[in-house]
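Presented below is the structure to which this report refers.
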Amino acid sequence: MPASRLSRTPLPGIGIRYDLTTREQRLLSVVAHRDGGRTLSAYQADDPDACSLSLRLTSGETEALIDALMPSHHSPNLLHTTDLGLVAERIEVAAASYWNGRLLGETQMRTETGASIVAVLRRADAIPSPAPDFRLAGGDTVIVIGTREGVEAAATILGRE
C-alpha cells in the first residue's frame with residue numbers, strides 16, 4: 001500500500017487547510033481556523049469530492065481531540081496566554097504575497113494592528129526581533145504576538161497578494 005500524504009494550503013484570512021490522504025487512499029481534511037477552531041471533514045472512498053462528514057470543533061474540543069489522538073502533542077500556536085489576552089501565531093508569507101521582497105517596515109504592522117512581529121523563521125534560521133529594514137521573502141514564517149484581533153489583522157495584511 002502507498003504511504004500516507006499530508007499537504008498544507010494557506011487560506012488567507014481563514015487559516016490553514018491540511019489534507020491527509022491515508023495509505024488506503026481515503027481523504028481527510030482539517031481547516032485550522034485563526035480563532036483556534038477546526039473543521040474536520042472526511043470524504044467518501046468512492047468519490048473524493050463528496051464529503052461524507054464535516055464537523056466544526058471549538059478550540060476546546062480541538063484540544064480534547066488532540067489529547068486523545070496524541071497526548072504529548074502541543075498546540076500549533078507558540079503561545080496562547082488567555083490570562084493576558086495575548087496570542088502568538090506563525091503566519092507564512094506566500095511566494096505570491098505582495099510582501100515577498102519588501103521591507104518589514106512597509107507593512108506598518110504595529111501601527112495598523114497593534115501586533116508585533118517578534119521573529120522570522122527562514123529555512124533553518126531564526127531571526128529574532130527583525131528591524132524595519134528586514135526584507136521579507138516568500139516561504140518566511142513570521143511570528144506575531146498581539147491580541148486575537150491584532151493577530152488576525154496581521155494575517156490579513158501578510159496574506160495580501
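Every chain in the C-alpha cells has a letter given in the order shown (A, B, ...), and although residue numbers restart at 1 in each chain, ligands are simply numbered from 1 in the order shown.
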message = Applying 8 Å and only C-alpha atoms, which residues near Asn100 in chain A remain after dropping the ones on its own chain fewer than 3 positions away? List them as a ChimeraX atom specification.
response = /A:93-97,136-138
key: Shell around range 44-57 of chain A at 10 Å using only C-alpha atoms, local window under 4 positions removed, as a list in words   =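 So, after excluding close chain neighbours, the residues are Thr21, Glu24, Gln25, Arg26, Leu27, Leu28, Ser29, Val30, Val31, Ala32, His33, Gly36, Gly37, Arg38, Thr39, Leu40, Glu61, Thr62, Glu63 and Leu65 of chain A.
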Keeping only all heavy atoms, take the residues you just selected and write them out as a short mmCIF file (atom, residue, chain, number, x, y, z; two decimals), in the first residue's frame.
data_model
loop_
_atom_site.label_atom_id
_atom_site.label_comp_id
_atom_site.auth_asym_id
_atom_site.auth_seq_id
_atom_site.Cartn_x
_atom_site.Cartn_y
_atom_site.Cartn_z
N THR A 21 -4.17 12.22 2.82
CA THR A 21 -4.58 11.06 2.05
C THR A 21 -3.95 9.87 2.75
O THR A 21 -2.73 9.77 2.86
CB THR A 21 -4.09 11.14 0.60
OG1 THR A 21 -4.60 12.35 0.02
CG2 THR A 21 -4.57 9.95 -0.22
N GLU A 24 -4.71 4.04 2.62
CA GLU A 24 -5.82 3.36 1.97
C GLU A 24 -6.52 4.28 0.97
O GLU A 24 -7.61 3.97 0.49
CB GLU A 24 -6.82 2.86 3.03
CG GLU A 24 -6.22 1.81 3.94
CD GLU A 24 -7.12 1.48 5.11
OE1 GLU A 24 -8.07 2.24 5.39
OE2 GLU A 24 -6.86 0.45 5.74
N GLN A 25 -5.89 5.43 0.67
CA GLN A 25 -6.39 6.40 -0.30
C GLN A 25 -7.70 7.06 0.13
O GLN A 25 -8.52 7.45 -0.70
CB GLN A 25 -6.52 5.79 -1.70
CG GLN A 25 -5.18 5.28 -2.24
CD GLN A 25 -4.12 6.37 -2.28
OE1 GLN A 25 -4.28 7.37 -2.95
NE2 GLN A 25 -3.04 6.19 -1.54
N ARG A 26 -7.93 7.19 1.44
CA ARG A 26 -9.07 7.93 1.98
C ARG A 26 -8.60 9.36 2.22
O ARG A 26 -7.46 9.60 2.61
CB ARG A 26 -9.55 7.33 3.30
CG ARG A 26 -10.07 5.90 3.22
CD ARG A 26 -11.36 5.75 2.41
NE ARG A 26 -12.42 6.61 2.84
CZ ARG A 26 -13.40 6.27 3.69
NH1 ARG A 26 -13.43 5.07 4.20
NH2 ARG A 26 -14.33 7.14 4.01
N LEU A 27 -9.49 10.33 2.01
CA LEU A 27 -9.14 11.74 2.16
C LEU A 27 -9.80 12.31 3.40
O LEU A 27 -11.02 12.22 3.59
CB LEU A 27 -9.58 12.54 0.92
CG LEU A 27 -9.30 14.04 0.96
CD1 LEU A 27 -7.80 14.33 1.07
CD2 LEU A 27 -9.87 14.72 -0.27
N LEU A 28 -8.96 12.91 4.27
CA LEU A 28 -9.41 13.65 5.44
C LEU A 28 -8.90 15.07 5.29
O LEU A 28 -7.81 15.29 4.78
CB LEU A 28 -8.85 13.04 6.73
CG LEU A 28 -9.21 11.61 7.04
CD1 LEU A 28 -8.42 11.13 8.25
CD2 LEU A 28 -10.70 11.51 7.30
N SER A 29 -9.67 16.01 5.79
CA SER A 29 -9.29 17.42 5.69
C SER A 29 -9.54 18.10 7.02
O SER A 29 -10.55 17.84 7.68
CB SER A 29 -10.13 18.08 4.59
OG SER A 29 -9.90 19.45 4.57
N VAL A 30 -8.61 18.98 7.42
CA VAL A 30 -8.78 19.79 8.61
C VAL A 30 -8.49 21.24 8.23
O VAL A 30 -7.43 21.53 7.68
CB VAL A 30 -7.83 19.37 9.75
CG1 VAL A 30 -7.96 20.31 10.94
CG2 VAL A 30 -8.10 17.94 10.17
N VAL A 31 -9.44 22.12 8.50
CA VAL A 31 -9.20 23.54 8.33
C VAL A 31 -8.94 24.09 9.73
O VAL A 31 -9.79 24.02 10.61
CB VAL A 31 -10.38 24.28 7.66
CG1 VAL A 31 -10.14 25.78 7.64
CG2 VAL A 31 -10.61 23.74 6.26
N ALA A 32 -7.72 24.61 9.93
CA ALA A 32 -7.34 25.21 11.21
C ALA A 32 -7.67 26.70 11.11
O ALA A 32 -6.96 27.46 10.45
CB ALA A 32 -5.85 25.00 11.47
N HIS A 33 -8.76 27.09 11.73
CA HIS A 33 -9.22 28.48 11.67
C HIS A 33 -8.37 29.36 12.59
O HIS A 33 -7.84 28.90 13.60
CB HIS A 33 -10.70 28.57 12.09
CG HIS A 33 -11.62 27.81 11.19
ND1 HIS A 33 -12.15 28.36 10.05
CD2 HIS A 33 -12.06 26.54 11.24
CE1 HIS A 33 -12.91 27.47 9.45
NE2 HIS A 33 -12.87 26.34 10.15
N GLY A 36 -8.79 29.43 16.43
CA GLY A 36 -8.47 28.24 17.21
C GLY A 36 -9.40 27.08 16.94
O GLY A 36 -9.11 25.95 17.33
N GLY A 37 -10.53 27.32 16.29
CA GLY A 37 -11.46 26.25 15.95
C GLY A 37 -10.95 25.44 14.77
O GLY A 37 -10.00 25.83 14.09
N ARG A 38 -11.57 24.31 14.55
CA ARG A 38 -11.19 23.45 13.44
C ARG A 38 -12.43 22.90 12.77
O ARG A 38 -13.46 22.69 13.42
CB ARG A 38 -10.37 22.24 13.94
CG ARG A 38 -9.08 22.59 14.69
CD ARG A 38 -8.05 23.20 13.75
NE ARG A 38 -6.76 23.35 14.37
CZ ARG A 38 -6.33 24.47 14.93
NH1 ARG A 38 -7.10 25.52 15.00
NH2 ARG A 38 -5.11 24.54 15.43
N THR A 39 -12.34 22.68 11.47
CA THR A 39 -13.38 21.97 10.74
C THR A 39 -12.74 20.69 10.23
O THR A 39 -11.76 20.73 9.48
CB THR A 39 -13.93 22.80 9.57
OG1 THR A 39 -14.46 24.02 10.09
CG2 THR A 39 -15.01 22.04 8.83
N LEU A 40 -13.28 19.56 10.66
CA LEU A 40 -12.79 18.24 10.29
C LEU A 40 -13.76 17.65 9.27
O LEU A 40 -14.96 17.61 9.52
CB LEU A 40 -12.72 17.35 11.54
CG LEU A 40 -12.37 15.88 11.34
CD1 LEU A 40 -10.95 15.74 10.80
CD2 LEU A 40 -12.50 15.15 12.67
N GLU A 61 -12.72 21.78 22.09
CA GLU A 61 -12.97 20.44 21.56
C GLU A 61 -11.76 19.94 20.76
O GLU A 61 -11.41 18.76 20.82
CB GLU A 61 -14.22 20.44 20.67
CG GLU A 61 -15.50 20.69 21.44
CD GLU A 61 -16.69 21.06 20.57
OE1 GLU A 61 -16.49 21.54 19.42
OE2 GLU A 61 -17.82 20.88 21.04
N THR A 62 -11.13 20.88 20.04
CA THR A 62 -9.93 20.53 19.27
C THR A 62 -8.83 20.06 20.20
O THR A 62 -8.17 19.05 19.95
CB THR A 62 -9.46 21.74 18.44
OG1 THR A 62 -10.50 22.10 17.52
CG2 THR A 62 -8.19 21.43 17.67
N GLU A 63 -8.61 20.80 21.29
CA GLU A 63 -7.56 20.41 22.26
C GLU A 63 -7.86 19.04 22.85
O GLU A 63 -6.95 18.22 23.02
CB GLU A 63 -7.44 21.47 23.35
CG GLU A 63 -6.80 22.74 22.85
CD GLU A 63 -6.75 23.84 23.90
OE1 GLU A 63 -6.81 23.52 25.11
OE2 GLU A 63 -6.64 25.00 23.51
N LEU A 65 -9.55 16.60 21.42
CA LEU A 65 -9.30 15.60 20.38
C LEU A 65 -7.80 15.39 20.19
O LEU A 65 -7.34 14.25 20.06
CB LEU A 65 -9.96 16.02 19.06
CG LEU A 65 -9.80 15.06 17.89
CD1 LEU A 65 -10.37 13.68 18.23
CD2 LEU A 65 -10.49 15.63 16.65
#
Ala131 in chain A surroundings by only C-alpha atoms, 10 Å radius, close-in-sequence under 4 positions cut, as a list of chain:residue names =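 The residues satisfying every condition are A:Leu103, A:Leu104, A:Gly105, A:Ile117, A:Val118, A:Ala119, A:Ile127, A:Arg135.
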ask   = Mind checking DSSP for chain A and telling me the alpha helix (DSSP H) residues as a PyMOL selection string?
value = chain A and resi 59-69+109-113+148-158
If you keep N, CA and C atoms, can you produce a file of those selected residues as a PDB file, in the first residue's frame?
ATOM      1  N   SER A  59     -12.163  25.488  19.860  1.00  0.00           N
ATOM      2  CA  SER A  59     -10.757  25.296  20.227  1.00  0.00           C
ATOM      3  C   SER A  59     -10.643  24.312  21.387  1.00  0.00           C
ATOM      4  N   GLY A  60     -11.582  24.341  22.342  1.00  0.00           N
ATOM      5  CA  GLY A  60     -11.558  23.395  23.455  1.00  0.00           C
ATOM      6  C   GLY A  60     -11.781  21.967  23.004  1.00  0.00           C
ATOM      7  N   GLU A  61     -12.720  21.775  22.092  1.00  0.00           N
ATOM      8  CA  GLU A  61     -12.974  20.438  21.556  1.00  0.00           C
ATOM      9  C   GLU A  61     -11.761  19.944  20.758  1.00  0.00           C
ATOM     10  N   THR A  62     -11.131  20.877  20.036  1.00  0.00           N
ATOM     11  CA  THR A  62      -9.934  20.529  19.267  1.00  0.00           C
ATOM     12  C   THR A  62      -8.826  20.062  20.199  1.00  0.00           C
ATOM     13  N   GLU A  63      -8.605  20.797  21.293  1.00  0.00           N
ATOM     14  CA  GLU A  63      -7.565  20.411  22.258  1.00  0.00           C
ATOM     15  C   GLU A  63      -7.859  19.036  22.853  1.00  0.00           C
ATOM     16  N   ALA A  64      -9.131  18.766  23.165  1.00  0.00           N
ATOM     17  CA  ALA A  64      -9.503  17.459  23.712  1.00  0.00           C
ATOM     18  C   ALA A  64      -9.223  16.353  22.693  1.00  0.00           C
ATOM     19  N   LEU A  65      -9.548  16.597  21.417  1.00  0.00           N
ATOM     20  CA  LEU A  65      -9.299  15.603  20.379  1.00  0.00           C
ATOM     21  C   LEU A  65      -7.803  15.389  20.186  1.00  0.00           C
ATOM     22  N   ILE A  66      -7.024  16.465  20.195  1.00  0.00           N
ATOM     23  CA  ILE A  66      -5.562  16.343  20.075  1.00  0.00           C
ATOM     24  C   ILE A  66      -5.017  15.503  21.219  1.00  0.00           C
ATOM     25  N   ASP A  67      -5.478  15.772  22.439  1.00  0.00           N
ATOM     26  CA  ASP A  67      -5.030  14.993  23.590  1.00  0.00           C
ATOM     27  C   ASP A  67      -5.392  13.520  23.437  1.00  0.00           C
ATOM     28  N   ALA A  68      -6.552  13.244  22.856  1.00  0.00           N
ATOM     29  CA  ALA A  68      -6.960  11.852  22.662  1.00  0.00           C
ATOM     30  C   ALA A  68      -6.121  11.169  21.589  1.00  0.00           C
ATOM     31  N   LEU A  69      -5.782  11.895  20.524  1.00  0.00           N
ATOM     32  CA  LEU A  69      -5.024  11.306  19.424  1.00  0.00           C
ATOM     33  C   LEU A  69      -3.529  11.235  19.718  1.00  0.00           C
ATOM     34  N   MET A 109       2.921  47.048  10.479  1.00  0.00           N
ATOM     35  CA  MET A 109       2.201  46.050  11.262  1.00  0.00           C
ATOM     36  C   MET A 109       1.754  46.565  12.628  1.00  0.00           C
ATOM     37  N   ARG A 110       2.682  47.088  13.417  1.00  0.00           N
ATOM     38  CA  ARG A 110       2.319  47.507  14.767  1.00  0.00           C
ATOM     39  C   ARG A 110       1.344  48.683  14.726  1.00  0.00           C
ATOM     40  N   THR A 111       1.559  49.626  13.824  1.00  0.00           N
ATOM     41  CA  THR A 111       0.680  50.789  13.700  1.00  0.00           C
ATOM     42  C   THR A 111      -0.729  50.382  13.286  1.00  0.00           C
ATOM     43  N   GLU A 112      -0.824  49.465  12.312  1.00  0.00           N
ATOM     44  CA  GLU A 112      -2.124  49.062  11.763  1.00  0.00           C
ATOM     45  C   GLU A 112      -2.886  48.071  12.631  1.00  0.00           C
ATOM     46  N   THR A 113      -2.150  47.199  13.370  1.00  0.00           N
ATOM     47  CA  THR A 113      -2.820  46.099  14.073  1.00  0.00           C
ATOM     48  C   THR A 113      -2.588  46.082  15.580  1.00  0.00           C
ATOM     49  N   ARG A 148      -5.984  38.613  19.851  1.00  0.00           N
ATOM     50  CA  ARG A 148      -6.538  37.749  18.798  1.00  0.00           C
ATOM     51  C   ARG A 148      -6.896  38.599  17.585  1.00  0.00           C
ATOM     52  N   GLU A 149      -7.552  39.744  17.829  1.00  0.00           N
ATOM     53  CA  GLU A 149      -7.957  40.621  16.729  1.00  0.00           C
ATOM     54  C   GLU A 149      -6.740  41.162  15.993  1.00  0.00           C
ATOM     55  N   GLY A 150      -5.699  41.552  16.745  1.00  0.00           N
ATOM     56  CA  GLY A 150      -4.484  42.087  16.127  1.00  0.00           C
ATOM     57  C   GLY A 150      -3.768  41.050  15.284  1.00  0.00           C
ATOM     58  N   VAL A 151      -3.691  39.827  15.786  1.00  0.00           N
ATOM     59  CA  VAL A 151      -3.027  38.753  15.040  1.00  0.00           C
ATOM     60  C   VAL A 151      -3.823  38.409  13.787  1.00  0.00           C
ATOM     61  N   GLU A 152      -5.149  38.405  13.875  1.00  0.00           N
ATOM     62  CA  GLU A 152      -5.970  38.150  12.686  1.00  0.00           C
ATOM     63  C   GLU A 152      -5.774  39.252  11.646  1.00  0.00           C
ATOM     64  N   ALA A 153      -5.698  40.509  12.107  1.00  0.00           N
ATOM     65  CA  ALA A 153      -5.457  41.624  11.183  1.00  0.00           C
ATOM     66  C   ALA A 153      -4.073  41.498  10.554  1.00  0.00           C
ATOM     67  N   ALA A 154      -3.083  41.058  11.339  1.00  0.00           N
ATOM     68  CA  ALA A 154      -1.733  40.849  10.808  1.00  0.00           C
ATOM     69  C   ALA A 154      -1.746  39.765   9.732  1.00  0.00           C
ATOM     70  N   ALA A 155      -2.494  38.689   9.969  1.00  0.00           N
ATOM     71  CA  ALA A 155      -2.602  37.610   8.987  1.00  0.00           C
ATOM     72  C   ALA A 155      -3.238  38.110   7.690  1.00  0.00           C
ATOM     73  N   THR A 156      -4.213  38.984   7.817  1.00  0.00           N
ATOM     74  CA  THR A 156      -4.856  39.555   6.625  1.00  0.00           C
ATOM     75  C   THR A 156      -3.855  40.402   5.852  1.00  0.00           C
ATOM     76  N   ILE A 157      -3.092  41.223   6.561  1.00  0.00           N
ATOM     77  CA  ILE A 157      -2.072  42.060   5.899  1.00  0.00           C
ATOM     78  C   ILE A 157      -1.035  41.186   5.212  1.00  0.00           C
ATOM     79  N   LEU A 158      -0.503  40.198   5.929  1.00  0.00           N
ATOM     80  CA  LEU A 158       0.556  39.349   5.367  1.00  0.00           C
ATOM     81  C   LEU A 158       0.028  38.429   4.276  1.00  0.00           C
TER      82      LEU A 158
END
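In this model, the gap between CA of Val120 in chain A and CA of Glu92 in chain A comes to 9.5 Å.
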task = Tell me, in Å to one decimal, how far CA of Val87 in chain A is from CA of Gly114 in chain A.
result = 12.2 Å
query = Could you pull out the strand (DSSP E) residues of range 6-125 of chain A from DSSP and send them as number ranges by chain?
reply = A: 6-11, 15-21, 27-33, 38-43, 51-57, 79-81, 86-92, 116-122, 125
How about saving the chosen residues, C-alpha atoms kept, as a PDB file, in the first residue's frame?
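Here's the written file result31.pdb:
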ATOM      1  CA  LEU A   6      -0.172  15.371   4.037  1.00  0.00           C
ATOM      2  CA  SER A   7      -0.474  18.643   2.184  1.00  0.00           C
ATOM      3  CA  ARG A   8      -0.870  22.131   3.625  1.00  0.00           C
ATOM      4  CA  THR A   9      -2.651  25.038   1.944  1.00  0.00           C
ATOM      5  CA  PRO A  10      -2.701  28.564   3.435  1.00  0.00           C
ATOM      6  CA  LEU A  11      -6.198  30.101   3.396  1.00  0.00           C
ATOM      7  CA  GLY A  15      -6.259  29.770   8.495  1.00  0.00           C
ATOM      8  CA  ILE A  16      -4.627  26.685   7.023  1.00  0.00           C
ATOM      9  CA  ARG A  17      -6.144  23.621   5.368  1.00  0.00           C
ATOM     10  CA  TYR A  18      -4.456  20.265   5.903  1.00  0.00           C
ATOM     11  CA  ASP A  19      -5.368  17.393   3.581  1.00  0.00           C
ATOM     12  CA  LEU A  20      -4.378  13.872   4.552  1.00  0.00           C
ATOM     13  CA  THR A  21      -4.579  11.055   2.052  1.00  0.00           C
ATOM     14  CA  LEU A  27      -9.142  11.736   2.157  1.00  0.00           C
ATOM     15  CA  LEU A  28      -9.413  13.646   5.441  1.00  0.00           C
ATOM     16  CA  SER A  29      -9.292  17.417   5.688  1.00  0.00           C
ATOM     17  CA  VAL A  30      -8.785  19.792   8.613  1.00  0.00           C
ATOM     18  CA  VAL A  31      -9.198  23.545   8.331  1.00  0.00           C
ATOM     19  CA  ALA A  32      -7.337  25.208  11.205  1.00  0.00           C
ATOM     20  CA  HIS A  33      -9.220  28.483  11.674  1.00  0.00           C
ATOM     21  CA  ARG A  38     -11.190  23.446  13.441  1.00  0.00           C
ATOM     22  CA  THR A  39     -13.377  21.967  10.740  1.00  0.00           C
ATOM     23  CA  LEU A  40     -12.789  18.240  10.292  1.00  0.00           C
ATOM     24  CA  SER A  41     -14.066  16.639   7.076  1.00  0.00           C
ATOM     25  CA  ALA A  42     -13.999  13.098   5.718  1.00  0.00           C
ATOM     26  CA  TYR A  43     -14.690  12.228   2.101  1.00  0.00           C
ATOM     27  CA  CYS A  51     -17.920  14.980   1.739  1.00  0.00           C
ATOM     28  CA  SER A  52     -19.499  12.350   3.980  1.00  0.00           C
ATOM     29  CA  LEU A  53     -18.774  14.057   7.322  1.00  0.00           C
ATOM     30  CA  SER A  54     -17.985  17.628   8.363  1.00  0.00           C
ATOM     31  CA  LEU A  55     -17.624  18.700  11.981  1.00  0.00           C
ATOM     32  CA  ARG A  56     -16.908  22.195  13.297  1.00  0.00           C
ATOM     33  CA  LEU A  57     -14.946  21.932  16.561  1.00  0.00           C
ATOM     34  CA  LEU A  79       1.947  30.956  22.863  1.00  0.00           C
ATOM     35  CA  HIS A  80      -1.636  31.349  23.923  1.00  0.00           C
ATOM     36  CA  THR A  81      -1.861  33.236  27.177  1.00  0.00           C
ATOM     37  CA  LEU A  86      -2.229  37.534  24.077  1.00  0.00           C
ATOM     38  CA  VAL A  87      -1.820  35.132  21.200  1.00  0.00           C
ATOM     39  CA  ALA A  88       1.346  34.241  19.304  1.00  0.00           C
ATOM     40  CA  GLU A  89       0.970  32.642  15.897  1.00  0.00           C
ATOM     41  CA  ARG A  90       3.042  31.537  12.960  1.00  0.00           C
ATOM     42  CA  ILE A  91       1.974  33.241   9.731  1.00  0.00           C
ATOM     43  CA  GLU A  92       3.523  32.143   6.457  1.00  0.00           C
ATOM     44  CA  SER A 116       4.288  42.819  16.928  1.00  0.00           C
ATOM     45  CA  ILE A 117       6.485  40.690  14.707  1.00  0.00           C
ATOM     46  CA  VAL A 118       8.898  39.142  17.182  1.00  0.00           C
ATOM     47  CA  ALA A 119      10.775  36.749  14.899  1.00  0.00           C
ATOM     48  CA  VAL A 120      11.015  35.443  11.360  1.00  0.00           C
ATOM     49  CA  LEU A 121      11.819  31.816  10.588  1.00  0.00           C
ATOM     50  CA  ARG A 122      13.619  31.378   7.266  1.00  0.00           C
ATOM     51  CA  ASP A 125      17.402  30.162  10.603  1.00  0.00           C
TER      52      ASP A 125
END
key: Spatial neighbours of Tyr98 in chain A, 8 Å, only C-alpha atoms, chain gap at least 4 places, as a PyMOL selection string   = chain A and resi 102+158-161
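Distances from A:Arg34, A:Pro132, A:Ala115, A:Ala124 to Val144 in chain A were compared using only C-alpha atoms, and the smallest one belongs to A:Ala115.
One distance worth recording is that between CA of Gly85 in chain A and CA of Gly13 in chain A, which is 20.3 Å.
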